[in-house]
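Chemist: One structure, as structure tokens, below. Some questions next.
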Amino acid sequence: MNLFKRTKKITDERIENVRNKIYKEMYYVILVICLASALFKLYKYGAGSGELYLEFAILVGGGLYYLARSIFLGVFWDEVEMHDRNSKTPMSKKTILGTVALALIIAIFMGVNSAVSYADGSSQGVWYFVLVSFVSVMIYLPILLLFFGGIYLLAKKIGMKNS
């Protein structure tokens with residue numbers, strides 16, 4: 001009685017590649033629908049409401065699941081090596097530059113928000129913008145570098161161990 005025993009099925013590699021391509025496209029469609037739903041809820045209910053938990057969980061959870069599976073299957077590091085062979089800029093440098101860019105975007109957003117919301121005049125607005133932007137960069141840049149750099153280094157270590 002072999003109810004739970006799996007038999008090895010012979011599969012066509014072309015069919016598997018097409019199936020994986022369909023799954024990838026389906027994932028992108030789900031992400032676009034989820035993002036559209038989040039933008040609609042932001043427009044309808046405003047930014048202060050707690051209506052975006054499901055969309056946030058889908059967007060972040062799907063990305064984290066893909067990252068974790070690709071790291072533990074050893075695919076992530078293979079993708080990084082393929083990228084580094086074909087690109088002028090290595091993935092490690094892109095990770096650092098992307099993290100710095102994200103920290104600057106957050107800092108500029110917070111600086112503009114502070115200048116618009118709390119400043120009484122234009123000179124005070126400029127001062128608030130510069131001060132809040134500088135402090136935001138000083139806070140968020142190390143945290144984001146540790147987070148994204150740590151994920152990259154952990155993925156490198158696990159990927160090299162698996163391969």
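Within each chain, counting starts at residue 1; across the structure tokens, chains are named A, B, ... in the order shown, with ligands numbered 1 upward in that order.
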Neighbouring residues of Ile151 of chain A were defined as those with any atom within 12 Å, considering only C-alpha atoms; residues of the same chain fewer than 6 positions away were excluded. Please report them as a ChimeraX atom specification.
Modeler: /A:64,67-68,71,76-77,92,95-96,144-145,157-159
Chemist: Write the selection just made, keeping N, CA, C and O atoms, as an mmCIF file, in the first residue's frame?
Modeler:
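This went into part16.cif:
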data_model
loop_
_atom_site.group_PDB
_atom_site.id
_atom_site.type_symbol
_atom_site.label_atom_id
_atom_site.label_comp_id
_atom_site.auth_asym_id
_atom_site.auth_seq_id
_atom_site.Cartn_x
_atom_site.Cartn_y
_atom_site.Cartn_z
ATOM 1 N N LEU A 64 9.402 38.263 0.559
ATOM 2 C CA LEU A 64 10.225 37.565 1.545
ATOM 3 C C LEU A 64 10.240 36.057 1.291
ATOM 4 O O LEU A 64 11.279 35.409 1.441
ATOM 5 N N LEU A 67 12.537 35.439 -1.667
ATOM 6 C CA LEU A 67 13.919 35.622 -1.257
ATOM 7 C C LEU A 67 14.417 34.435 -0.431
ATOM 8 O O LEU A 67 15.499 33.896 -0.694
ATOM 9 N N ALA A 68 13.617 34.017 0.533
ATOM 10 C CA ALA A 68 14.034 32.904 1.389
ATOM 11 C C ALA A 68 14.178 31.614 0.595
ATOM 12 O O ALA A 68 15.162 30.879 0.750
ATOM 13 N N ILE A 71 17.258 31.775 -1.634
ATOM 14 C CA ILE A 71 18.506 31.668 -0.860
ATOM 15 C C ILE A 71 18.754 30.223 -0.459
ATOM 16 O O ILE A 71 19.846 29.687 -0.652
ATOM 17 N N PHE A 76 19.683 32.091 -5.521
ATOM 18 C CA PHE A 76 19.983 33.519 -5.370
ATOM 19 C C PHE A 76 21.437 33.812 -5.711
ATOM 20 O O PHE A 76 21.739 34.733 -6.457
ATOM 21 N N TRP A 77 22.327 33.022 -5.162
ATOM 22 C CA TRP A 77 23.746 33.288 -5.394
ATOM 23 C C TRP A 77 24.118 33.004 -6.847
ATOM 24 O O TRP A 77 24.959 33.686 -7.417
ATOM 25 N N SER A 92 26.791 43.628 -5.373
ATOM 26 C CA SER A 92 27.105 44.188 -4.053
ATOM 27 C C SER A 92 27.117 45.717 -4.102
ATOM 28 O O SER A 92 26.608 46.375 -3.196
ATOM 29 N N THR A 95 23.572 46.939 -4.413
ATOM 30 C CA THR A 95 22.881 46.856 -3.130
ATOM 31 C C THR A 95 23.197 48.074 -2.277
ATOM 32 O O THR A 95 22.301 48.681 -1.682
ATOM 33 N N ILE A 96 24.460 48.450 -2.231
ATOM 34 C CA ILE A 96 24.859 49.618 -1.443
ATOM 35 C C ILE A 96 24.262 50.899 -2.026
ATOM 36 O O ILE A 96 23.700 51.727 -1.298
ATOM 37 N N LEU A 144 19.390 50.732 7.289
ATOM 38 C CA LEU A 144 19.107 50.101 6.009
ATOM 39 C C LEU A 144 20.328 49.364 5.459
ATOM 40 O O LEU A 144 20.186 48.293 4.859
ATOM 41 N N LEU A 145 21.520 49.924 5.661
ATOM 42 C CA LEU A 145 22.728 49.218 5.219
ATOM 43 C C LEU A 145 22.910 47.910 5.976
ATOM 44 O O LEU A 145 23.281 46.893 5.383
ATOM 45 N N LYS A 157 26.553 33.771 2.018
ATOM 46 C CA LYS A 157 27.106 32.700 2.841
ATOM 47 C C LYS A 157 26.327 31.403 2.657
ATOM 48 O O LYS A 157 26.911 30.337 2.441
ATOM 49 N N ILE A 158 24.994 31.474 2.710
ATOM 50 C CA ILE A 158 24.176 30.275 2.552
ATOM 51 C C ILE A 158 24.274 29.734 1.129
ATOM 52 O O ILE A 158 24.360 28.530 0.911
ATOM 53 N N GLY A 159 24.273 30.645 0.140
ATOM 54 C CA GLY A 159 24.359 30.211 -1.244
ATOM 55 C C GLY A 159 25.676 29.535 -1.573
ATOM 56 O O GLY A 159 25.707 28.539 -2.296
#
Chemist: Please identify all polymer residues within 12 Å of Ile30 of chain A, counting only C-alpha atoms, omitting same-chain residues fewer than 4 positions from it, and present them as a list in words.
Modeler: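 So the residues in contact are Tyr23, Lys24, Glu25, Met26, Cys34, Leu35, Ala36, Ser37, Glu55, Ile58, Leu59 and Gly62 of chain A.
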Chemist: At a cut-off of 12 Å, can you tabulate as JSON lines every residue of segment 25-105 of chain A near segment 116-134 of chain A together with its closest atom pair and the distance in Å to one decimal, using only C-alpha atoms and ordering rows by chain then number?
Modeler:
{"residue": "A:Ala103", "atom": "CA", "partner": "A:Ser133", "partner_atom": "CA", "distance": 9.7}
{"residue": "A:Leu104", "atom": "CA", "partner": "A:Ser133", "partner_atom": "CA", "distance": 8.0}
{"residue": "A:Ile105", "atom": "CA", "partner": "A:Ser133", "partner_atom": "CA", "distance": 9.4}
Chemist: Within 8 Å of Met91 of chain A, counting only C-alpha atoms, which residues show up once you throw out same-chain ones fewer than 5 positions away? Write them as a short mmCIF file (atom, residue, chain, number, x, y, z; two decimals) with all heavy atoms, in the first residue's frame, please.
Modeler:
data_model
loop_
_atom_site.label_atom_id
_atom_site.label_comp_id
_atom_site.auth_asym_id
_atom_site.auth_seq_id
_atom_site.Cartn_x
_atom_site.Cartn_y
_atom_site.Cartn_z
N VAL A 80 23.10 36.03 -8.71
CA VAL A 80 24.05 37.11 -8.46
C VAL A 80 25.30 36.92 -9.31
O VAL A 80 25.81 37.87 -9.92
CB VAL A 80 24.40 37.20 -6.96
CG1 VAL A 80 25.57 38.12 -6.72
CG2 VAL A 80 23.20 37.66 -6.17
N HIS A 83 24.49 37.75 -12.86
CA HIS A 83 24.36 39.21 -12.98
C HIS A 83 25.73 39.87 -13.02
O HIS A 83 25.98 40.76 -13.83
CB HIS A 83 23.54 39.76 -11.83
CG HIS A 83 23.48 41.26 -11.81
ND1 HIS A 83 24.44 42.03 -11.19
CD2 HIS A 83 22.60 42.11 -12.36
CE1 HIS A 83 24.13 43.31 -11.36
NE2 HIS A 83 23.03 43.38 -12.05
N ASP A 84 26.62 39.44 -12.13
CA ASP A 84 27.95 40.05 -12.06
C ASP A 84 28.77 39.76 -13.32
O ASP A 84 29.60 40.58 -13.71
CB ASP A 84 28.71 39.54 -10.82
CG ASP A 84 28.14 40.13 -9.54
OD1 ASP A 84 27.32 41.06 -9.62
OD2 ASP A 84 28.52 39.65 -8.46
#
Chemist: Among segment 66-98 of chain A, which residues does DSSP mark as helix (DSSP H, G or I) when it is run on the backbone? Keep the chain and numbering as in the structure and answer as a ChimeraX atom specification.
Modeler: /A:66-72,75-86,91-98
Chemist: So how many Å separate atom CA of Leu54 of chain A and atom CA of Phe147 of chain A, to one decimal?
Modeler: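 Between these atoms lies a distance of 23.5 Å.
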Chemist: Please indicate the distance in Å from atom CA of Tyr66 of chain A to atom CA of Tyr140 of chain A, rounded to one decimal place.
Modeler: 25.0 Å
